[in-house]
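The structure appears right after this line, and notes come after that.
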Amino acid sequence: MSAPLPPRIRATRLLLSLIPRLIAALPQRARLALGRGLGWLMASALKKRRRIMRANLAVAFPDWTAGARDVLIDEHFARLGAGICEGFWGWFGNLDRVPDYRVIGLEHLEAARAAGQGVILNAAHVTDMELGVYFVSRHAPVHAVYRPNNNRAIDSLINLGREKHLAGLIHREDTRAMVRALRAGEVLWTAPDQNYHGKTSAFIPFFGLPAATNTAVPILARMGRAVILPYHVRRFGNRYELAIEPPISGLPSGDDVADTQRLVERLEAEIRRHPAMYLWGHRRFKTLPEGYPPLY
């Protein structure tokens with residue numbers, strides 16, 4: 001059990017929650033419209049983030065014109081703002097008024113759970129990530145792997161919202177807790193698609209450029225005797241779509257790099273289908289092999 005928060009942190013958290021709670025109380029169409037406006041403001045203000053997006057998109061879509069990539073960036077910012085406001089609804093909104101969504105491939109999750117097998121939902125950082133975790137938690141108890149925010153009050157605020165829906169939050173370094181959950185037949189949501197240069201990392205091609213990638217998912221699957229299901233969340237207008245892919249044959253194989261590469265290939269295919277939904281503002285190619293010039 002975590003220690004109680006100091007009064008100063010609780011007070012700061014309360015103040016920080018006021019605007020998110022007001023946004024969460026809006027009808028969905030108003031939330032999305034407000035979010036698009038927020039995205040426009042971010043697109044105007046976050047010049048450094050826009051430069052990172054341009055660099056990433058030049059790698060991912062080298063055949064596109066610079067103008068076409070800028071159009072995609074503007075659409076992405078609008079989706080990002082909308083995703084933030086919708087995430088506030090997931091934390092503080094009226095859960096009796098759930099946005100319209102459908103689940104494709106729920107049978108894969110249900111089959112694994114019926115067999116008593118742990119499940120790793122291999123997700124990614126997309127604009128609608130927060131609601132993607134909430135929606136799937138309506139169908140199975142989910143433990144989410146997370147990285148704490150450096151600001152304690154903000155971290156507490158985020159966790160306060162997420163814990164309403166989740167069976168648990170697991171620190172990204174707490175491998176033992178992940179394995180325990182998987183061996184108990186639980187569902188683990190994780191998004192290991194960002195730059196990672198640690199013990200379980202390898203350079204794996206992502207849109208043709210070697211990217212420092214976390215290879216922990218097949219390791220966890222092997223240790224937890226779990227099945228890996230690629231998981232995607234998309235928004236079309238006011239409607240959400242969750243896609244749970246079937247287990248990939250032969251995973252885990254014992255070759256963690258090869259297994260992770262197959263997962264990355266699935267993610268890349270999803271991004272190519274819906275490029276505006278991916279979080280291009282992350283410095284995905286921050287760590288490159290020796291001999292490659294810095295991208296940013």
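Every chain in the structure tokens has a letter given in the order shown (A, B, ...), and although residue numbers restart at 1 in each chain, ligands are simply numbered from 1 in the order shown.
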
**Study point:** Residue set, segment 134-163 of chain A restricted to strand (DSSP E or B), as a VMD selection string
**Key:** chain A and resid 142 to 146

Could you dump the residues just selected with all heavy atoms as an mmCIF file, in the first residue's frame?
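Writing done, so here's part.cif:
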```
data_model
loop_
_atom_site.group_PDB
_atom_site.id
_atom_site.type_symbol
_atom_site.label_atom_id
_atom_site.label_comp_id
_atom_site.auth_asym_id
_atom_site.auth_seq_id
_atom_site.Cartn_x
_atom_site.Cartn_y
_atom_site.Cartn_z
ATOM 1 N N VAL A 142 -7.533 -5.460 -16.394
ATOM 2 C CA VAL A 142 -6.276 -5.128 -17.076
ATOM 3 C C VAL A 142 -5.290 -4.497 -16.092
ATOM 4 O O VAL A 142 -5.658 -3.610 -15.312
ATOM 5 C CB VAL A 142 -6.530 -4.156 -18.250
ATOM 6 C CG1 VAL A 142 -5.210 -3.711 -18.874
ATOM 7 C CG2 VAL A 142 -7.428 -4.805 -19.297
ATOM 8 N N HIS A 143 -4.041 -4.960 -16.160
ATOM 9 C CA HIS A 143 -2.926 -4.311 -15.471
ATOM 10 C C HIS A 143 -2.145 -3.535 -16.528
ATOM 11 O O HIS A 143 -1.741 -4.108 -17.543
ATOM 12 C CB HIS A 143 -2.009 -5.339 -14.805
ATOM 13 C CG HIS A 143 -2.673 -6.162 -13.756
ATOM 14 N ND1 HIS A 143 -2.539 -5.907 -12.405
ATOM 15 C CD2 HIS A 143 -3.494 -7.245 -13.855
ATOM 16 C CE1 HIS A 143 -3.239 -6.788 -11.718
ATOM 17 N NE2 HIS A 143 -3.829 -7.613 -12.574
ATOM 18 N N ALA A 144 -1.920 -2.254 -16.302
ATOM 19 C CA ALA A 144 -1.208 -1.420 -17.272
ATOM 20 C C ALA A 144 0.205 -1.144 -16.797
ATOM 21 O O ALA A 144 0.426 -0.783 -15.642
ATOM 22 C CB ALA A 144 -1.952 -0.110 -17.495
ATOM 23 N N VAL A 145 1.152 -1.308 -17.713
ATOM 24 C CA VAL A 145 2.542 -0.962 -17.438
ATOM 25 C C VAL A 145 2.706 0.532 -17.702
ATOM 26 O O VAL A 145 2.263 1.039 -18.736
ATOM 27 C CB VAL A 145 3.495 -1.771 -18.333
ATOM 28 C CG1 VAL A 145 4.948 -1.373 -18.068
ATOM 29 C CG2 VAL A 145 3.295 -3.265 -18.099
ATOM 30 N N TYR A 146 3.337 1.255 -16.781
ATOM 31 C CA TYR A 146 3.427 2.702 -16.944
ATOM 32 C C TYR A 146 4.772 3.236 -16.470
ATOM 33 O O TYR A 146 5.485 2.587 -15.694
ATOM 34 C CB TYR A 146 2.303 3.400 -16.164
ATOM 35 C CG TYR A 146 2.578 3.565 -14.681
ATOM 36 C CD1 TYR A 146 2.832 4.817 -14.127
ATOM 37 C CD2 TYR A 146 2.592 2.455 -13.828
ATOM 38 C CE1 TYR A 146 3.096 4.962 -12.770
ATOM 39 C CE2 TYR A 146 2.854 2.601 -12.470
ATOM 40 C CZ TYR A 146 3.101 3.849 -11.948
ATOM 41 O OH TYR A 146 3.376 4.000 -10.624
#
```

Check your understanding: Counting only C-alpha atoms, what is within 7 Å of segment 203-220 of chain A, bar same-chain residues fewer than 2 positions away, as a PyMOL selection string?
Key -> chain A and resi 59-60+179+192-193+195-197+200-201+222-224+252+256-257+259-261+284-285+287-288

Could you dump the residues just selected with N, CA and C atoms as a PDB file, in the first residue's frame?
```pdb
ATOM      1  N   VAL A  59      11.679  10.115 -42.349  1.00  0.00           N
ATOM      2  CA  VAL A  59      12.156   8.729 -42.345  1.00  0.00           C
ATOM      3  C   VAL A  59      11.044   7.775 -42.774  1.00  0.00           C
ATOM      4  N   ALA A  60       9.851   7.978 -42.206  1.00  0.00           N
ATOM      5  CA  ALA A  60       8.755   7.036 -42.444  1.00  0.00           C
ATOM      6  C   ALA A  60       8.177   7.139 -43.851  1.00  0.00           C
ATOM      7  N   VAL A 179       5.286 -10.550 -14.288  1.00  0.00           N
ATOM      8  CA  VAL A 179       5.292 -12.010 -14.431  1.00  0.00           C
ATOM      9  C   VAL A 179       4.255 -12.641 -13.512  1.00  0.00           C
ATOM     10  N   PRO A 192       5.514  -0.737 -25.677  1.00  0.00           N
ATOM     11  CA  PRO A 192       6.978  -0.679 -25.654  1.00  0.00           C
ATOM     12  C   PRO A 192       7.579  -0.135 -26.953  1.00  0.00           C
ATOM     13  N   ASP A 193       6.902   0.819 -27.586  1.00  0.00           N
ATOM     14  CA  ASP A 193       7.296   1.248 -28.930  1.00  0.00           C
ATOM     15  C   ASP A 193       8.184   2.480 -28.949  1.00  0.00           C
ATOM     16  N   ASN A 195      11.750   4.890 -27.899  1.00  0.00           N
ATOM     17  CA  ASN A 195      13.199   4.691 -27.863  1.00  0.00           C
ATOM     18  C   ASN A 195      13.608   4.080 -26.521  1.00  0.00           C
ATOM     19  N   TYR A 196      14.353   2.992 -26.579  1.00  0.00           N
ATOM     20  CA  TYR A 196      14.781   2.322 -25.351  1.00  0.00           C
ATOM     21  C   TYR A 196      16.190   1.784 -25.563  1.00  0.00           C
ATOM     22  N   HIS A 197      17.098   2.185 -24.675  1.00  0.00           N
ATOM     23  CA  HIS A 197      18.491   1.753 -24.789  1.00  0.00           C
ATOM     24  C   HIS A 197      18.927   1.215 -23.430  1.00  0.00           C
ATOM     25  N   THR A 200      17.534  -4.838 -22.156  1.00  0.00           N
ATOM     26  CA  THR A 200      16.761  -5.652 -23.097  1.00  0.00           C
ATOM     27  C   THR A 200      16.445  -4.836 -24.348  1.00  0.00           C
ATOM     28  N   SER A 201      17.484  -4.275 -24.983  1.00  0.00           N
ATOM     29  CA  SER A 201      17.260  -3.474 -26.185  1.00  0.00           C
ATOM     30  C   SER A 201      18.063  -4.024 -27.348  1.00  0.00           C
ATOM     31  N   ARG A 222       7.446 -15.430 -22.265  1.00  0.00           N
ATOM     32  CA  ARG A 222       8.079 -16.709 -21.934  1.00  0.00           C
ATOM     33  C   ARG A 222       8.076 -16.939 -20.425  1.00  0.00           C
ATOM     34  N   MET A 223       8.455 -15.927 -19.664  1.00  0.00           N
ATOM     35  CA  MET A 223       8.506 -16.059 -18.205  1.00  0.00           C
ATOM     36  C   MET A 223       7.113 -16.207 -17.603  1.00  0.00           C
ATOM     37  N   GLY A 224       6.138 -15.513 -18.180  1.00  0.00           N
ATOM     38  CA  GLY A 224       4.781 -15.537 -17.640  1.00  0.00           C
ATOM     39  C   GLY A 224       3.870 -16.558 -18.284  1.00  0.00           C
ATOM     40  N   PRO A 252       6.303 -16.777 -28.018  1.00  0.00           N
ATOM     41  CA  PRO A 252       7.738 -16.491 -28.155  1.00  0.00           C
ATOM     42  C   PRO A 252       8.513 -17.697 -28.680  1.00  0.00           C
ATOM     43  N   ASP A 256      14.479 -13.414 -28.984  1.00  0.00           N
ATOM     44  CA  ASP A 256      13.735 -12.226 -28.573  1.00  0.00           C
ATOM     45  C   ASP A 256      13.826 -11.096 -29.595  1.00  0.00           C
ATOM     46  N   VAL A 257      14.954 -10.970 -30.252  1.00  0.00           N
ATOM     47  CA  VAL A 257      15.107  -9.914 -31.254  1.00  0.00           C
ATOM     48  C   VAL A 257      14.215 -10.201 -32.457  1.00  0.00           C
ATOM     49  N   ASP A 259      11.547 -12.070 -32.527  1.00  0.00           N
ATOM     50  CA  ASP A 259      10.153 -11.954 -32.102  1.00  0.00           C
ATOM     51  C   ASP A 259       9.723 -10.487 -32.043  1.00  0.00           C
ATOM     52  N   THR A 260      10.583  -9.642 -31.472  1.00  0.00           N
ATOM     53  CA  THR A 260      10.245  -8.222 -31.372  1.00  0.00           C
ATOM     54  C   THR A 260      10.144  -7.594 -32.756  1.00  0.00           C
ATOM     55  N   GLN A 261      10.991  -8.024 -33.668  1.00  0.00           N
ATOM     56  CA  GLN A 261      10.925  -7.493 -35.031  1.00  0.00           C
ATOM     57  C   GLN A 261       9.581  -7.815 -35.681  1.00  0.00           C
ATOM     58  N   ARG A 284      11.850   8.922 -31.590  1.00  0.00           N
ATOM     59  CA  ARG A 284      11.950   7.469 -31.724  1.00  0.00           C
ATOM     60  C   ARG A 284      13.353   7.034 -32.129  1.00  0.00           C
ATOM     61  N   PHE A 285      14.074   7.875 -32.858  1.00  0.00           N
ATOM     62  CA  PHE A 285      15.404   7.523 -33.345  1.00  0.00           C
ATOM     63  C   PHE A 285      16.488   8.306 -32.609  1.00  0.00           C
ATOM     64  N   THR A 287      18.427   7.208 -30.216  1.00  0.00           N
ATOM     65  CA  THR A 287      19.602   6.355 -30.103  1.00  0.00           C
ATOM     66  C   THR A 287      19.771   5.582 -31.401  1.00  0.00           C
ATOM     67  N   LEU A 288      20.881   5.821 -32.085  1.00  0.00           N
ATOM     68  CA  LEU A 288      21.141   5.153 -33.362  1.00  0.00           C
ATOM     69  C   LEU A 288      22.459   4.388 -33.285  1.00  0.00           C
TER      70      LEU A 288
END
```

Check your understanding: Using only C-alpha atoms, which residue out of A:Leu41, A:Ala184, A:Ile120, A:Ala258 lies closest to Gly81 of chain A?
Key ->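 Between A:Leu41, A:Ala184, A:Ile120, A:Ala258, the residue approaching Gly81 of chain A most closely is A:Leu41.
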
**Study point:** Non-local contacts of Tyr101 of chain A (10 Å; only C-alpha atoms; under 4 positions in same chain excluded) as a PyMOL selection string
**Key:** chain A and resi 135+233-236+238-242

Just the selected residues (N, CA and C atoms), exported as an mmCIF file, in the first residue's frame, please.
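And here is the file that came out, part15.cif:
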```cif
data_model
loop_
_atom_site.group_PDB
_atom_site.id
_atom_site.type_symbol
_atom_site.label_atom_id
_atom_site.label_comp_id
_atom_site.auth_asym_id
_atom_site.auth_seq_id
_atom_site.Cartn_x
_atom_site.Cartn_y
_atom_site.Cartn_z
ATOM 1 N N PHE A 135 -11.427 1.172 -22.646
ATOM 2 C CA PHE A 135 -12.402 0.329 -23.328
ATOM 3 C C PHE A 135 -12.125 -1.154 -23.123
ATOM 4 N N VAL A 233 -5.951 0.803 -31.215
ATOM 5 C CA VAL A 233 -7.156 1.595 -30.985
ATOM 6 C C VAL A 233 -7.183 2.722 -32.013
ATOM 7 N N ARG A 234 -8.372 2.951 -32.603
ATOM 8 C CA ARG A 234 -8.536 3.956 -33.651
ATOM 9 C C ARG A 234 -9.813 4.741 -33.394
ATOM 10 N N ARG A 235 -9.834 5.983 -33.842
ATOM 11 C CA ARG A 235 -11.068 6.775 -33.767
ATOM 12 C C ARG A 235 -11.428 7.259 -35.154
ATOM 13 N N PHE A 236 -12.697 7.033 -35.523
ATOM 14 C CA PHE A 236 -13.244 7.507 -36.786
ATOM 15 C C PHE A 236 -14.426 8.409 -36.456
ATOM 16 N N ASN A 238 -16.771 10.181 -34.260
ATOM 17 C CA ASN A 238 -17.124 10.030 -32.847
ATOM 18 C C ASN A 238 -17.072 8.573 -32.384
ATOM 19 N N ARG A 239 -16.657 7.679 -33.254
ATOM 20 C CA ARG A 239 -16.719 6.239 -32.960
ATOM 21 C C ARG A 239 -15.311 5.662 -32.832
ATOM 22 N N TYR A 240 -15.163 4.742 -31.889
ATOM 23 C CA TYR A 240 -13.870 4.093 -31.655
ATOM 24 C C TYR A 240 -13.911 2.648 -32.135
ATOM 25 N N GLU A 241 -12.727 2.188 -32.519
ATOM 26 C CA GLU A 241 -12.575 0.808 -32.958
ATOM 27 C C GLU A 241 -11.339 0.223 -32.286
ATOM 28 N N LEU A 242 -11.522 -0.882 -31.599
ATOM 29 C CA LEU A 242 -10.411 -1.608 -30.998
ATOM 30 C C LEU A 242 -10.152 -2.848 -31.833
#
```

Check your understanding: Contacts of Ile248 of chain A at 10 Å or less, counting only C-alpha atoms, minus same-chain residues fewer than 3 places along, as a PyMOL selection string?
Key -> chain A and resi 227-230+245+251-252+259+262-263+266

For the selection you just gave me, I'd like the residues written to a file as a PDB file, in the first residue's frame, keeping C-alpha atoms.
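This went into part04.pdb:
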```
ATOM      1  CA  VAL A 227       0.158 -15.159 -25.194  1.00  0.00           C
ATOM      2  CA  ILE A 228       1.002 -11.927 -27.071  1.00  0.00           C
ATOM      3  CA  LEU A 229      -1.870 -10.155 -28.838  1.00  0.00           C
ATOM      4  CA  PRO A 230      -1.089  -7.038 -30.928  1.00  0.00           C
ATOM      5  CA  GLU A 245      -5.072  -9.403 -33.472  1.00  0.00           C
ATOM      6  CA  LEU A 251       5.815 -16.348 -30.400  1.00  0.00           C
ATOM      7  CA  PRO A 252       7.738 -16.491 -28.155  1.00  0.00           C
ATOM      8  CA  ASP A 259      10.153 -11.954 -32.102  1.00  0.00           C
ATOM      9  CA  ARG A 262       7.737  -9.345 -35.965  1.00  0.00           C
ATOM     10  CA  LEU A 263       5.807  -7.228 -33.465  1.00  0.00           C
ATOM     11  CA  ARG A 266       2.766  -5.399 -37.199  1.00  0.00           C
TER      12      ARG A 266
END
```

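The coordinates place atom CA of Glu173 of chain A at 18.9 Å from atom CA of Gly118 of chain A.
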
Practice item. Write out as a ChimeraX atom specification each polymer residue whose atoms come within 10 Å of Gln28 of chain A, counting only C-alpha atoms; drop sequence neighbours fewer than 2 positions from it. Key: /A:23-26,30-34,82,85-86,89,97-99,238

Generate the output file for the selected residues, N, CA and C atoms, as a PDB file, in the first residue's frame.
```pdb
ATOM      1  N   ILE A  23     -13.869  19.578 -18.544  1.00  0.00           N
ATOM      2  CA  ILE A  23     -13.862  19.044 -19.915  1.00  0.00           C
ATOM      3  C   ILE A  23     -14.571  17.692 -19.959  1.00  0.00           C
ATOM      4  N   ALA A  24     -14.338  16.867 -18.942  1.00  0.00           N
ATOM      5  CA  ALA A  24     -14.968  15.542 -18.899  1.00  0.00           C
ATOM      6  C   ALA A  24     -16.483  15.628 -18.838  1.00  0.00           C
ATOM      7  N   ALA A  25     -17.014  16.727 -18.292  1.00  0.00           N
ATOM      8  CA  ALA A  25     -18.466  16.881 -18.156  1.00  0.00           C
ATOM      9  C   ALA A  25     -19.135  17.302 -19.452  1.00  0.00           C
ATOM     10  N   LEU A  26     -18.357  17.702 -20.462  1.00  0.00           N
ATOM     11  CA  LEU A  26     -18.939  18.139 -21.730  1.00  0.00           C
ATOM     12  C   LEU A  26     -19.487  16.955 -22.523  1.00  0.00           C
ATOM     13  N   ALA A  30     -18.670  18.124 -28.079  1.00  0.00           N
ATOM     14  CA  ALA A  30     -18.031  19.339 -27.580  1.00  0.00           C
ATOM     15  C   ALA A  30     -16.606  19.042 -27.120  1.00  0.00           C
ATOM     16  N   ARG A  31     -16.400  17.895 -26.466  1.00  0.00           N
ATOM     17  CA  ARG A  31     -15.050  17.517 -26.049  1.00  0.00           C
ATOM     18  C   ARG A  31     -14.116  17.404 -27.245  1.00  0.00           C
ATOM     19  N   LEU A  32     -14.598  16.746 -28.287  1.00  0.00           N
ATOM     20  CA  LEU A  32     -13.767  16.557 -29.474  1.00  0.00           C
ATOM     21  C   LEU A  32     -13.472  17.891 -30.157  1.00  0.00           C
ATOM     22  N   ALA A  33     -14.478  18.761 -30.231  1.00  0.00           N
ATOM     23  CA  ALA A  33     -14.270  20.075 -30.844  1.00  0.00           C
ATOM     24  C   ALA A  33     -13.261  20.890 -30.039  1.00  0.00           C
ATOM     25  N   LEU A  34     -13.412  20.864 -28.720  1.00  0.00           N
ATOM     26  CA  LEU A  34     -12.462  21.570 -27.855  1.00  0.00           C
ATOM     27  C   LEU A  34     -11.067  20.984 -28.036  1.00  0.00           C
ATOM     28  N   ALA A  82      -7.766  16.119 -29.281  1.00  0.00           N
ATOM     29  CA  ALA A  82      -9.018  15.411 -29.024  1.00  0.00           C
ATOM     30  C   ALA A  82      -8.793  14.213 -28.111  1.00  0.00           C
ATOM     31  N   CYS A  85      -8.531  15.354 -24.460  1.00  0.00           N
ATOM     32  CA  CYS A  85      -9.836  15.683 -23.865  1.00  0.00           C
ATOM     33  C   CYS A  85     -10.689  14.440 -23.650  1.00  0.00           C
ATOM     34  N   GLU A  86     -10.627  13.494 -24.553  1.00  0.00           N
ATOM     35  CA  GLU A  86     -11.360  12.248 -24.367  1.00  0.00           C
ATOM     36  C   GLU A  86     -10.766  11.451 -23.205  1.00  0.00           C
ATOM     37  N   TRP A  89     -12.286  12.478 -20.054  1.00  0.00           N
ATOM     38  CA  TRP A  89     -13.581  11.828 -19.808  1.00  0.00           C
ATOM     39  C   TRP A  89     -13.351  10.445 -19.187  1.00  0.00           C
ATOM     40  N   ARG A  97     -22.354   7.111 -19.858  1.00  0.00           N
ATOM     41  CA  ARG A  97     -22.483   7.650 -21.216  1.00  0.00           C
ATOM     42  C   ARG A  97     -21.189   7.373 -21.970  1.00  0.00           C
ATOM     43  N   VAL A  98     -21.002   6.111 -22.308  1.00  0.00           N
ATOM     44  CA  VAL A  98     -19.768   5.653 -22.941  1.00  0.00           C
ATOM     45  C   VAL A  98     -19.805   5.968 -24.434  1.00  0.00           C
ATOM     46  N   PRO A  99     -18.724   6.544 -24.993  1.00  0.00           N
ATOM     47  CA  PRO A  99     -18.685   6.766 -26.439  1.00  0.00           C
ATOM     48  C   PRO A  99     -18.877   5.469 -27.214  1.00  0.00           C
ATOM     49  N   ASN A 238     -16.771  10.181 -34.260  1.00  0.00           N
ATOM     50  CA  ASN A 238     -17.124  10.030 -32.847  1.00  0.00           C
ATOM     51  C   ASN A 238     -17.072   8.573 -32.384  1.00  0.00           C
TER      52      ASN A 238
END
```

Practice item. Write down as a ChimeraX atom specification the residues of segment 31-205 of chain A whose backbone DSSP state falls under helix (DSSP H, G or I). Key: /A:31-45,47-60,66-92,106-114,129-137,152-162,175-183

Which residues come within 9 Å of segment 70-78 of chain A, counting only C-alpha atoms, excluding same-chain residues fewer than 3 positions away, as a short mmCIF file (atom, residue, chain, number, x, y, z; two decimals) with N, CA, C and O atoms, in the first residue's frame?
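Result saved to result-v4.cif:
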```
data_model
loop_
_atom_site.label_atom_id
_atom_site.label_comp_id
_atom_site.auth_asym_id
_atom_site.auth_seq_id
_atom_site.Cartn_x
_atom_site.Cartn_y
_atom_site.Cartn_z
N GLY A 35 -11.00 19.68 -28.13
CA GLY A 35 -9.71 19.03 -28.32
C GLY A 35 -9.04 19.41 -29.62
O GLY A 35 -7.82 19.61 -29.67
N ARG A 36 -9.81 19.52 -30.68
CA ARG A 36 -9.23 19.95 -31.95
C ARG A 36 -8.67 21.37 -31.83
O ARG A 36 -7.61 21.68 -32.40
N GLY A 37 -9.40 22.23 -31.09
CA GLY A 37 -8.88 23.58 -30.84
C GLY A 37 -7.59 23.54 -30.03
O GLY A 37 -6.64 24.28 -30.32
N LEU A 38 -7.55 22.68 -29.03
CA LEU A 38 -6.34 22.51 -28.24
C LEU A 38 -5.19 22.03 -29.12
O LEU A 38 -4.05 22.50 -28.99
N GLY A 39 -5.50 21.12 -30.03
CA GLY A 39 -4.49 20.62 -30.96
C GLY A 39 -3.94 21.73 -31.84
O GLY A 39 -2.73 21.79 -32.11
N TRP A 40 -4.82 22.63 -32.28
CA TRP A 40 -4.37 23.76 -33.11
C TRP A 40 -3.42 24.65 -32.32
O TRP A 40 -2.38 25.09 -32.84
N LEU A 41 -3.73 24.88 -31.04
CA LEU A 41 -2.84 25.69 -30.20
C LEU A 41 -1.49 25.00 -30.02
O LEU A 41 -0.43 25.64 -30.07
N MET A 42 -1.52 23.69 -29.80
CA MET A 42 -0.26 22.96 -29.63
C MET A 42 0.56 23.00 -30.92
O MET A 42 1.79 23.15 -30.88
N ALA A 43 -0.11 22.88 -32.06
CA ALA A 43 0.60 22.92 -33.34
C ALA A 43 1.28 24.25 -33.55
O ALA A 43 2.36 24.33 -34.15
N ARG A 50 7.21 19.96 -33.43
CA ARG A 50 6.90 19.89 -34.85
C ARG A 50 8.14 19.52 -35.67
O ARG A 50 8.06 18.74 -36.62
N MET A 53 8.61 15.84 -35.34
CA MET A 53 7.65 15.14 -36.20
C MET A 53 8.10 15.15 -37.66
O MET A 53 8.00 14.14 -38.36
N ARG A 54 8.59 16.30 -38.12
CA ARG A 54 9.05 16.38 -39.51
C ARG A 54 10.20 15.43 -39.76
O ARG A 54 10.26 14.76 -40.81
N LEU A 57 8.78 11.82 -39.81
CA LEU A 57 7.98 11.55 -41.01
C LEU A 57 8.84 11.50 -42.26
O LEU A 57 8.50 10.81 -43.22
N THR A 65 5.85 14.65 -50.16
CA THR A 65 6.37 16.01 -50.18
C THR A 65 6.36 16.57 -48.76
O THR A 65 5.64 16.09 -47.88
N ALA A 66 7.16 17.61 -48.54
CA ALA A 66 7.18 18.27 -47.23
C ALA A 66 5.80 18.81 -46.90
O ALA A 66 5.37 18.77 -45.73
N GLY A 67 5.09 19.33 -47.91
CA GLY A 67 3.74 19.85 -47.68
C GLY A 67 2.78 18.77 -47.22
O GLY A 67 1.96 19.00 -46.32
N GLY A 81 -5.01 16.57 -29.53
CA GLY A 81 -5.81 17.39 -28.62
C GLY A 81 -7.12 16.72 -28.27
O GLY A 81 -7.55 16.71 -27.10
N ALA A 82 -7.77 16.12 -29.28
CA ALA A 82 -9.02 15.41 -29.02
C ALA A 82 -8.79 14.21 -28.11
O ALA A 82 -9.60 13.93 -27.21
N GLY A 83 -7.67 13.51 -28.31
CA GLY A 83 -7.37 12.36 -27.47
C GLY A 83 -7.13 12.74 -26.02
O GLY A 83 -7.53 12.01 -25.10
N THR A 127 -2.81 8.51 -30.40
CA THR A 127 -3.55 9.66 -29.87
C THR A 127 -4.69 9.26 -28.95
O THR A 127 -5.07 10.02 -28.06
N PRO A 275 -1.73 6.76 -40.33
CA PRO A 275 -0.53 7.48 -39.87
C PRO A 275 -0.80 8.64 -38.94
O PRO A 275 0.05 8.96 -38.10
N ALA A 276 -1.95 9.31 -39.04
CA ALA A 276 -2.20 10.49 -38.19
C ALA A 276 -2.43 10.11 -36.74
O ALA A 276 -2.39 10.98 -35.86
N MET A 277 -2.67 8.84 -36.45
CA MET A 277 -3.00 8.42 -35.09
C MET A 277 -1.75 8.12 -34.25
O MET A 277 -1.84 8.02 -33.03
N TYR A 278 -0.59 7.98 -34.88
CA TYR A 278 0.62 7.62 -34.14
C TYR A 278 1.28 8.86 -33.54
O TYR A 278 1.21 9.95 -34.13
N LEU A 279 1.92 8.71 -32.38
CA LEU A 279 2.57 9.84 -31.72
C LEU A 279 3.95 10.10 -32.34
O LEU A 279 4.97 9.58 -31.86
N TRP A 280 3.97 10.92 -33.37
CA TRP A 280 5.19 11.22 -34.09
C TRP A 280 6.10 12.18 -33.33
O TRP A 280 7.26 12.38 -33.72
#
```

Check your understanding: With only C-alpha atoms as the atoms that count, which of A:Arg152, A:Arg225, A:His282, A:Arg69 lies nearest to Leu5 of chain A?
Key -> A:Arg152

Check your understanding: Taking only C-alpha atoms into account, which of A:His165, A:Arg283, A:Arg113, A:Arg29 comes nearest Leu182 of chain A?
Key -> A:Arg113

Exercise for review: Can you work out which one of A:Val187, A:Lys47, A:Ile244, A:Pro4 has the shortest atom-to-atom distance to Gly281 of chain A, counting only C-alpha atoms?
Suggested key: A:Lys47

Check your understanding: What gap, in Å, lies between atom CA of Gln194 of chain A and atom CA of Val264 of chain A?
Key ->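 Taking atom CA of Gln194 of chain A and atom CA of Val264 of chain A, their separation equals 11.0 Å.
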
**Study point:** Selected residue, from A:Lys48, A:Leu106, A:His125, A:Ser137, that lies nearest to Glu186 of chain A when counting only C-alpha atoms
**Key:**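 Checking each candidate against Glu186 of chain A, we get A:Ser137 as the closest.
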
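You can rank A:His232, A:Arg180, A:Lys286, A:His171 by their closest distance to Met129 of chain A using only C-alpha atoms, and at the top of that list sits A:His232.
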